[in-house]
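S.K.: Following this line is run_16.cif, made up of mmCIF, C-alpha atoms:
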data_model
loop_
_atom_site.group_PDB
_atom_site.id
_atom_site.type_symbol
_atom_site.label_atom_id
_atom_site.label_comp_id
_atom_site.auth_asym_id
_atom_site.auth_seq_id
_atom_site.Cartn_x
_atom_site.Cartn_y
_atom_site.Cartn_z
ATOM 1 C CA MET X 104 -48.223 -8.850 119.326
ATOM 2 C CA THR X 105 -46.515 -7.549 116.198
ATOM 3 C CA GLY X 106 -45.094 -4.047 116.065
ATOM 4 C CA ILE X 107 -43.025 -1.968 113.669
ATOM 5 C CA ARG X 108 -40.728 0.859 114.721
ATOM 6 C CA TYR X 109 -37.865 2.891 113.334
ATOM 7 C CA VAL X 110 -34.455 1.245 113.574
ATOM 8 C CA GLN X 111 -32.373 2.282 116.588
ATOM 9 C CA LYS X 112 -28.653 2.075 117.359
ATOM 10 C CA GLU X 113 -29.400 -0.789 119.771
ATOM 11 C CA ASP X 114 -30.665 -2.848 116.813
ATOM 12 C CA GLU X 115 -27.236 -3.012 115.165
ATOM 13 C CA ASN X 116 -26.386 -6.622 116.111
ATOM 14 C CA PHE X 117 -29.780 -7.909 115.005
ATOM 15 C CA TRP X 118 -29.713 -5.799 111.831
ATOM 16 C CA PHE X 119 -26.490 -7.348 110.595
ATOM 17 C CA THR X 120 -27.742 -10.885 111.188
ATOM 18 C CA LEU X 121 -30.198 -10.263 108.306
ATOM 19 C CA ASP X 122 -28.511 -7.512 106.267
ATOM 20 C CA ARG X 123 -25.012 -8.386 105.088
ATOM 21 C CA HIS X 124 -24.938 -5.741 102.356
ATOM 22 C CA LEU X 125 -25.203 -2.465 104.265
ATOM 23 C CA PRO X 126 -21.900 -0.867 105.318
ATOM 24 C CA LYS X 127 -21.733 -0.205 109.062
ATOM 25 C CA GLU X 128 -21.319 3.536 108.444
ATOM 26 C CA GLU X 129 -24.542 3.554 106.457
ATOM 27 C CA PHE X 130 -26.382 1.831 109.307
ATOM 28 C CA ILE X 131 -25.745 4.925 111.435
ATOM 29 C CA ASN X 132 -27.274 7.055 108.672
ATOM 30 C CA LYS X 133 -30.379 4.821 108.572
ATOM 31 C CA VAL X 134 -30.826 5.319 112.311
ATOM 32 C CA ARG X 135 -30.232 9.070 112.124
ATOM 33 C CA ASP X 136 -32.487 9.638 109.096
ATOM 34 C CA LYS X 137 -35.207 7.144 110.145
ATOM 35 C CA ARG X 138 -34.826 5.236 106.892
ATOM 36 C CA GLY X 139 -35.206 1.781 108.328
ATOM 37 C CA TYR X 140 -37.733 -0.203 110.334
ATOM 38 C CA ILE X 141 -37.593 -3.144 112.695
ATOM 39 C CA LEU X 142 -40.430 -5.662 112.788
ATOM 40 C CA MET X 143 -41.031 -6.946 116.308
ATOM 41 C CA GLU X 144 -42.873 -10.090 117.379
ATOM 42 C CA GLU X 145 -43.431 -10.303 121.137
ATOM 43 C CA ASP X 146 -40.533 -7.909 121.881
ATOM 44 C CA TYR X 147 -38.240 -9.921 119.600
ATOM 45 C CA PRO X 148 -36.907 -8.460 116.322
ATOM 46 C CA VAL X 149 -37.791 -10.682 113.364
ATOM 47 C CA GLY X 150 -37.525 -8.479 110.273
ATOM 48 C CA LEU X 151 -36.350 -5.243 108.740
ATOM 49 C CA LEU X 152 -36.947 -2.860 105.892
ATOM 50 C CA ARG X 153 -34.590 -0.155 104.711
ATOM 51 C CA TYR X 154 -34.940 2.492 102.041
ATOM 52 C CA ASN X 155 -33.358 5.571 100.540
ATOM 53 C CA LEU X 156 -34.498 8.260 98.140
ATOM 54 C CA PHE X 157 -34.010 7.474 94.457
ATOM 55 C CA TRP X 158 -33.241 10.690 92.535
ATOM 56 C CA ASP X 159 -33.304 12.308 96.011
ATOM 57 C CA ASN X 160 -37.097 12.508 95.808
ATOM 58 C CA THR X 161 -38.650 9.035 95.475
ATOM 59 C CA PRO X 162 -38.717 6.429 98.283
ATOM 60 C CA PHE X 163 -36.932 3.269 97.129
ATOM 61 C CA CYS X 164 -37.024 0.122 99.267
ATOM 62 C CA THR X 165 -33.504 -1.285 99.161
ATOM 63 C CA MET X 166 -34.088 -4.277 101.426
ATOM 64 C CA LEU X 167 -36.975 -6.163 102.949
ATOM 65 C CA PHE X 168 -36.067 -9.208 104.980
ATOM 66 C CA VAL X 169 -37.939 -11.342 107.486
ATOM 67 C CA ASP X 170 -36.127 -14.013 109.496
ATOM 68 C CA GLU X 171 -36.618 -17.406 107.864
ATOM 69 C CA LYS X 172 -38.531 -18.790 110.873
ATOM 70 C CA TYR X 173 -41.138 -16.041 110.454
ATOM 71 C CA GLN X 174 -41.575 -16.047 106.687
ATOM 72 C CA ASN X 175 -44.908 -16.786 104.994
ATOM 73 C CA ARG X 176 -46.905 -15.345 107.910
ATOM 74 C CA GLY X 177 -47.750 -11.940 106.423
ATOM 75 C CA TYR X 178 -44.929 -10.040 108.117
ATOM 76 C CA GLY X 179 -43.408 -8.818 104.840
ATOM 77 C CA THR X 180 -46.804 -7.530 103.748
ATOM 78 C CA ARG X 181 -47.171 -5.670 107.070
ATOM 79 C CA LEU X 182 -43.724 -4.106 106.743
ATOM 80 C CA MET X 183 -44.425 -2.930 103.199
ATOM 81 C CA ALA X 184 -47.835 -1.514 104.164
ATOM 82 C CA HIS X 185 -46.278 0.319 107.113
ATOM 83 C CA TRP X 186 -43.552 1.805 104.891
ATOM 84 C CA GLU X 187 -46.053 2.841 102.228
ATOM 85 C CA ARG X 188 -48.276 4.566 104.824
ATOM 86 C CA ASP X 189 -45.249 6.348 106.305
ATOM 87 C CA MET X 190 -44.134 7.524 102.859
ATOM 88 C CA LYS X 191 -47.637 8.711 101.993
ATOM 89 C CA SER X 192 -47.836 10.632 105.296
ATOM 90 C CA GLN X 193 -44.591 12.363 104.323
ATOM 91 C CA GLY X 194 -46.163 13.546 101.078
ATOM 92 C CA TYR X 195 -44.756 11.068 98.561
ATOM 93 C CA GLY X 196 -47.008 9.876 95.738
ATOM 94 C CA MET X 197 -45.152 6.769 94.591
ATOM 95 C CA VAL X 198 -42.606 4.246 95.820
ATOM 96 C CA LEU X 199 -40.063 2.018 94.079
ATOM 97 C CA ILE X 200 -38.554 -1.386 94.803
ATOM 98 C CA SER X 201 -36.207 -3.682 92.914
ATOM 99 C CA THR X 202 -35.385 -7.350 92.903
ATOM 100 C CA GLN X 203 -33.305 -9.618 90.715
ATOM 101 C CA VAL X 204 -35.300 -11.336 87.983
ATOM 102 C CA ASP X 205 -34.236 -14.752 89.256
ATOM 103 C CA GLU X 206 -35.766 -14.102 92.706
ATOM 104 C CA THR X 207 -39.364 -14.961 93.586
ATOM 105 C CA ALA X 208 -39.856 -11.634 95.426
ATOM 106 C CA GLN X 209 -41.193 -10.082 92.202
ATOM 107 C CA HIS X 210 -44.370 -12.156 92.611
ATOM 108 C CA PHE X 211 -44.789 -10.939 96.196
ATOM 109 C CA TYR X 212 -44.461 -7.311 95.092
ATOM 110 C CA ARG X 213 -46.937 -7.784 92.252
ATOM 111 C CA ARG X 214 -49.490 -9.132 94.756
ATOM 112 C CA LEU X 215 -48.996 -5.871 96.694
ATOM 113 C CA GLY X 216 -49.845 -3.783 93.614
ATOM 114 C CA TYR X 217 -46.378 -3.062 92.209
ATOM 115 C CA HIS X 218 -45.783 -3.267 88.472
ATOM 116 C CA ASP X 219 -42.650 -3.490 86.348
ATOM 117 C CA CYS X 220 -41.105 -0.209 85.244
ATOM 118 C CA GLY X 221 -37.674 -1.162 83.941
ATOM 119 C CA GLY X 222 -34.410 -2.808 84.786
ATOM 120 C CA PHE X 223 -30.724 -3.033 84.129
ATOM 121 C CA VAL X 224 -27.983 -5.597 83.770
ATOM 122 C CA ILE X 225 -24.657 -5.351 85.568
ATOM 123 C CA ASP X 226 -21.992 -7.121 83.544
ATOM 124 C CA VAL X 227 -18.878 -5.554 85.035
ATOM 125 C CA PRO X 228 -16.351 -8.371 85.609
ATOM 126 C CA GLY X 229 -16.403 -9.434 89.237
ATOM 127 C CA HIS X 230 -19.758 -7.723 89.875
ATOM 128 C CA GLU X 231 -22.021 -9.595 87.456
ATOM 129 C CA GLN X 232 -25.555 -10.360 88.537
ATOM 130 C CA PRO X 233 -28.894 -11.255 86.965
ATOM 131 C CA MET X 234 -31.005 -8.386 85.660
ATOM 132 C CA GLU X 235 -32.291 -6.037 88.359
ATOM 133 C CA LEU X 236 -36.040 -5.499 87.903
ATOM 134 C CA PHE X 237 -37.514 -2.176 89.080
ATOM 135 C CA MET X 238 -41.146 -1.971 90.157
ATOM 136 C CA VAL X 239 -43.319 1.012 91.066
ATOM 137 C CA LYS X 240 -46.546 1.647 92.967
ATOM 138 C CA SER X 241 -48.724 4.714 93.366
ATOM 139 C CA ILE X 242 -49.501 5.589 96.991
ATOM 140 C CA SER X 243 -51.339 8.866 96.383
#
Would it be possible to restate this file's structure as structure tokens?

M.R.:
Amino acid sequence: MTGIRYVQKEDENFWFTLDRHLPKEEFINKVRDKRGYILMEEDYPVGLLRYNLFWDNTPFCTMLFVDEKYQNRGYGTRLMAHWERDMKSQGYGMVLISTQVDETAQHFYRRLGYHDCGGFVIDVPGHEQPMELFMVKSIS
């Protein structure tokens, strides 16, 4: 049985097996503010989604990750749908995501109804990366 719940302090070890970008201090904020979810399969955590508020008023998914052994089974779609429903229930009318243009995730998001709305290039020495593609979806 698959379930999705808000991230809890007890999830910290699992969380950092999938998310190597989030500072530990920020993990505590995600727990406190309920800005992260854990995907469970038979009482075992297999995925996560975290978000923040872009411009302090628009939900922005900053990471979606499902353990490699559980990918391509619809879990990412379930996590996104859960997040979108939660954001809609909180009164938001749209949500944002981003992905690098060299990643295949953009195709996944397009299948879920997201469309391109801009991007930027980071070319600061030592921090370079491919263009970051922003995508948006109406949930109203």

S.K.: Could you tell me how far CA of Val204 in chain X sits from CA of Phe223 in chain X, in Å to one decimal place?

M.R.: 10.2 Å

S.K.: Place a sphere of radius 10 Å on (-42.9, -4.2, 104.6) in the file coordinates and name every protein, DNA or RNA residue with an atom inside or on its surface, counting all atoms listed in the file; give the answer as a list in words.

M.R.: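 Within the cut-off we find Ile107, Tyr140, Ile141, Leu142, Gly150, Leu151, Leu152, Arg153, Cys164, Met166, Leu167, Phe168, Val169, Gly177, Tyr178, Gly179, Thr180, Arg181, Leu182, Met183, Ala184, His185, Trp186 and Glu187 of chain X.
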
S.K.: I'd like to know which of X:Thr207, X:Thr202, X:Asn132, X:Ser243 is closest to Thr165 in chain X, using all atoms listed in the file.

M.R.: X:Thr202

S.K.: Which of these residues is nearest to Ser241 in chain X, using only C-alpha atoms: X:Tyr109, X:Phe157, X:Tyr217, X:Phe119?

M.R.: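 Of X:Tyr109, X:Phe157, X:Tyr217, X:Phe119, the one nearest Ser241 in chain X, counting only C-alpha atoms, is X:Tyr217.
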
S.K.: Selected by the PyMOL selection byres ((chain X and resi 131) around 12) in the shown coordinates: which residues, as a PyMOL selection string?

M.R.: chain X and resi 110-115+118+125-130+132-139

S.K.: Just want the 7 Å neighbourhood of Thr105 in chain X, counted on all atoms listed in the file, with same-chain residues fewer than 6 positions away dropped. Output as a PyMOL selection string.

M.R.: chain X and resi 143-145

S.K.: Would you mind reading off the distance between CA of Leu121 in chain X and CA of Tyr154 in chain X, one decimal, in Å?

M.R.: 15.0 Å

S.K.: For CA of Phe237 in chain X and CA of Leu199 in chain X, quote the distance in Å rounded to one decimal.

M.R.: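 Taking CA of Phe237 in chain X as the start and CA of Leu199 in chain X as the end point, the length is 7.0 Å.
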
S.K.: Please reconstruct the missing atoms of range 164-175 of chain X (target: all heavy atoms) and return them as a CSV table (one decimal), in the coordinates of the input.

M.R.:
chain,number,residue,atom,x,y,z
X,164,CYS,N,-37.3,1.2,98.3
X,164,CYS,CA,-37.0,0.1,99.3
X,164,CYS,C,-35.8,-0.7,98.8
X,164,CYS,O,-35.8,-1.3,97.7
X,164,CYS,CB,-38.2,-0.8,99.4
X,164,CYS,SG,-37.9,-2.2,100.5
X,165,THR,N,-34.7,-0.6,99.6
X,165,THR,CA,-33.5,-1.3,99.2
X,165,THR,C,-33.3,-2.6,99.8
X,165,THR,O,-32.5,-3.4,99.4
X,165,THR,CB,-32.3,-0.4,99.5
X,165,THR,OG1,-32.3,-0.1,100.9
X,165,THR,CG2,-32.3,0.9,98.6
X,166,MET,N,-34.1,-2.9,100.8
X,166,MET,CA,-34.1,-4.3,101.4
X,166,MET,C,-35.3,-4.5,102.3
X,166,MET,O,-35.7,-3.7,103.1
X,166,MET,CB,-32.9,-4.5,102.3
X,166,MET,CG,-32.9,-5.9,102.9
X,166,MET,SD,-31.3,-6.4,103.7
X,166,MET,CE,-30.5,-7.0,102.3
X,167,LEU,N,-35.9,-5.7,102.1
X,167,LEU,CA,-37.0,-6.2,102.9
X,167,LEU,C,-36.6,-7.6,103.3
X,167,LEU,O,-36.3,-8.4,102.4
X,167,LEU,CB,-38.3,-6.2,102.2
X,167,LEU,CG,-39.4,-6.9,102.9
X,167,LEU,CD1,-39.9,-6.2,104.1
X,167,LEU,CD2,-40.6,-7.1,101.9
X,168,PHE,N,-36.5,-7.9,104.6
X,168,PHE,CA,-36.1,-9.2,105.0
X,168,PHE,C,-36.7,-9.6,106.3
X,168,PHE,O,-36.7,-8.8,107.2
X,168,PHE,CB,-34.5,-9.3,105.1
X,168,PHE,CG,-34.0,-10.7,105.1
X,168,PHE,CD1,-33.6,-11.3,103.9
X,168,PHE,CD2,-34.0,-11.5,106.2
X,168,PHE,CE1,-33.2,-12.6,103.8
X,168,PHE,CE2,-33.6,-12.8,106.2
X,168,PHE,CZ,-33.1,-13.4,105.0
X,169,VAL,N,-37.3,-10.8,106.3
X,169,VAL,CA,-37.9,-11.3,107.5
X,169,VAL,C,-37.2,-12.6,107.8
X,169,VAL,O,-36.9,-13.4,106.9
X,169,VAL,CB,-39.4,-11.6,107.3
X,169,VAL,CG1,-40.0,-12.3,108.5
X,169,VAL,CG2,-40.2,-10.3,107.0
X,170,ASP,N,-36.8,-12.8,109.1
X,170,ASP,CA,-36.1,-14.0,109.5
X,170,ASP,C,-36.9,-15.2,109.0
X,170,ASP,O,-38.1,-15.3,109.0
X,170,ASP,CB,-36.1,-14.0,111.0
X,170,ASP,CG,-35.2,-15.2,111.6
X,170,ASP,OD1,-35.7,-16.3,111.5
X,170,ASP,OD2,-34.1,-14.9,112.0
X,171,GLU,N,-36.1,-16.2,108.5
X,171,GLU,CA,-36.6,-17.4,107.9
X,171,GLU,C,-37.7,-18.1,108.7
X,171,GLU,O,-38.7,-18.6,108.2
X,171,GLU,CB,-35.5,-18.4,107.6
X,171,GLU,CG,-35.7,-19.3,106.4
X,171,GLU,CD,-34.4,-20.1,106.2
X,171,GLU,OE1,-33.5,-19.6,105.5
X,171,GLU,OE2,-34.4,-21.3,106.6
X,172,LYS,N,-37.5,-18.1,110.0
X,172,LYS,CA,-38.5,-18.8,110.9
X,172,LYS,C,-39.9,-18.1,110.9
X,172,LYS,O,-40.9,-18.7,111.3
X,172,LYS,CB,-38.0,-18.9,112.3
X,172,LYS,CG,-36.8,-19.7,112.5
X,172,LYS,CD,-36.3,-19.7,113.9
X,172,LYS,CE,-35.6,-18.4,114.2
X,172,LYS,NZ,-34.8,-18.3,115.3
X,173,TYR,N,-39.9,-16.8,110.4
X,173,TYR,CA,-41.1,-16.0,110.5
X,173,TYR,C,-41.7,-15.7,109.1
X,173,TYR,O,-42.6,-15.0,108.9
X,173,TYR,CB,-40.9,-14.7,111.2
X,173,TYR,CG,-40.6,-15.0,112.7
X,173,TYR,CD1,-39.3,-15.2,113.1
X,173,TYR,CD2,-41.6,-15.0,113.6
X,173,TYR,CE1,-39.0,-15.5,114.4
X,173,TYR,CE2,-41.3,-15.3,115.0
X,173,TYR,CZ,-40.0,-15.5,115.4
X,173,TYR,OH,-39.8,-15.8,116.7
X,174,GLN,N,-41.1,-16.3,108.0
X,174,GLN,CA,-41.6,-16.0,106.7
X,174,GLN,C,-42.9,-16.8,106.4
X,174,GLN,O,-43.3,-17.7,107.1
X,174,GLN,CB,-40.5,-16.5,105.7
X,174,GLN,CG,-39.3,-15.6,105.7
X,174,GLN,CD,-38.2,-16.0,104.8
X,174,GLN,OE1,-38.4,-17.0,104.0
X,174,GLN,NE2,-37.1,-15.3,104.8
X,175,ASN,N,-43.6,-16.2,105.4
X,175,ASN,CA,-44.9,-16.8,105.0
X,175,ASN,C,-46.0,-16.7,106.1
X,175,ASN,O,-46.9,-17.5,106.2
X,175,ASN,CB,-44.8,-18.2,104.5
X,175,ASN,CG,-43.8,-18.4,103.4
X,175,ASN,OD1,-44.0,-17.6,102.4
X,175,ASN,ND2,-42.8,-19.2,103.5
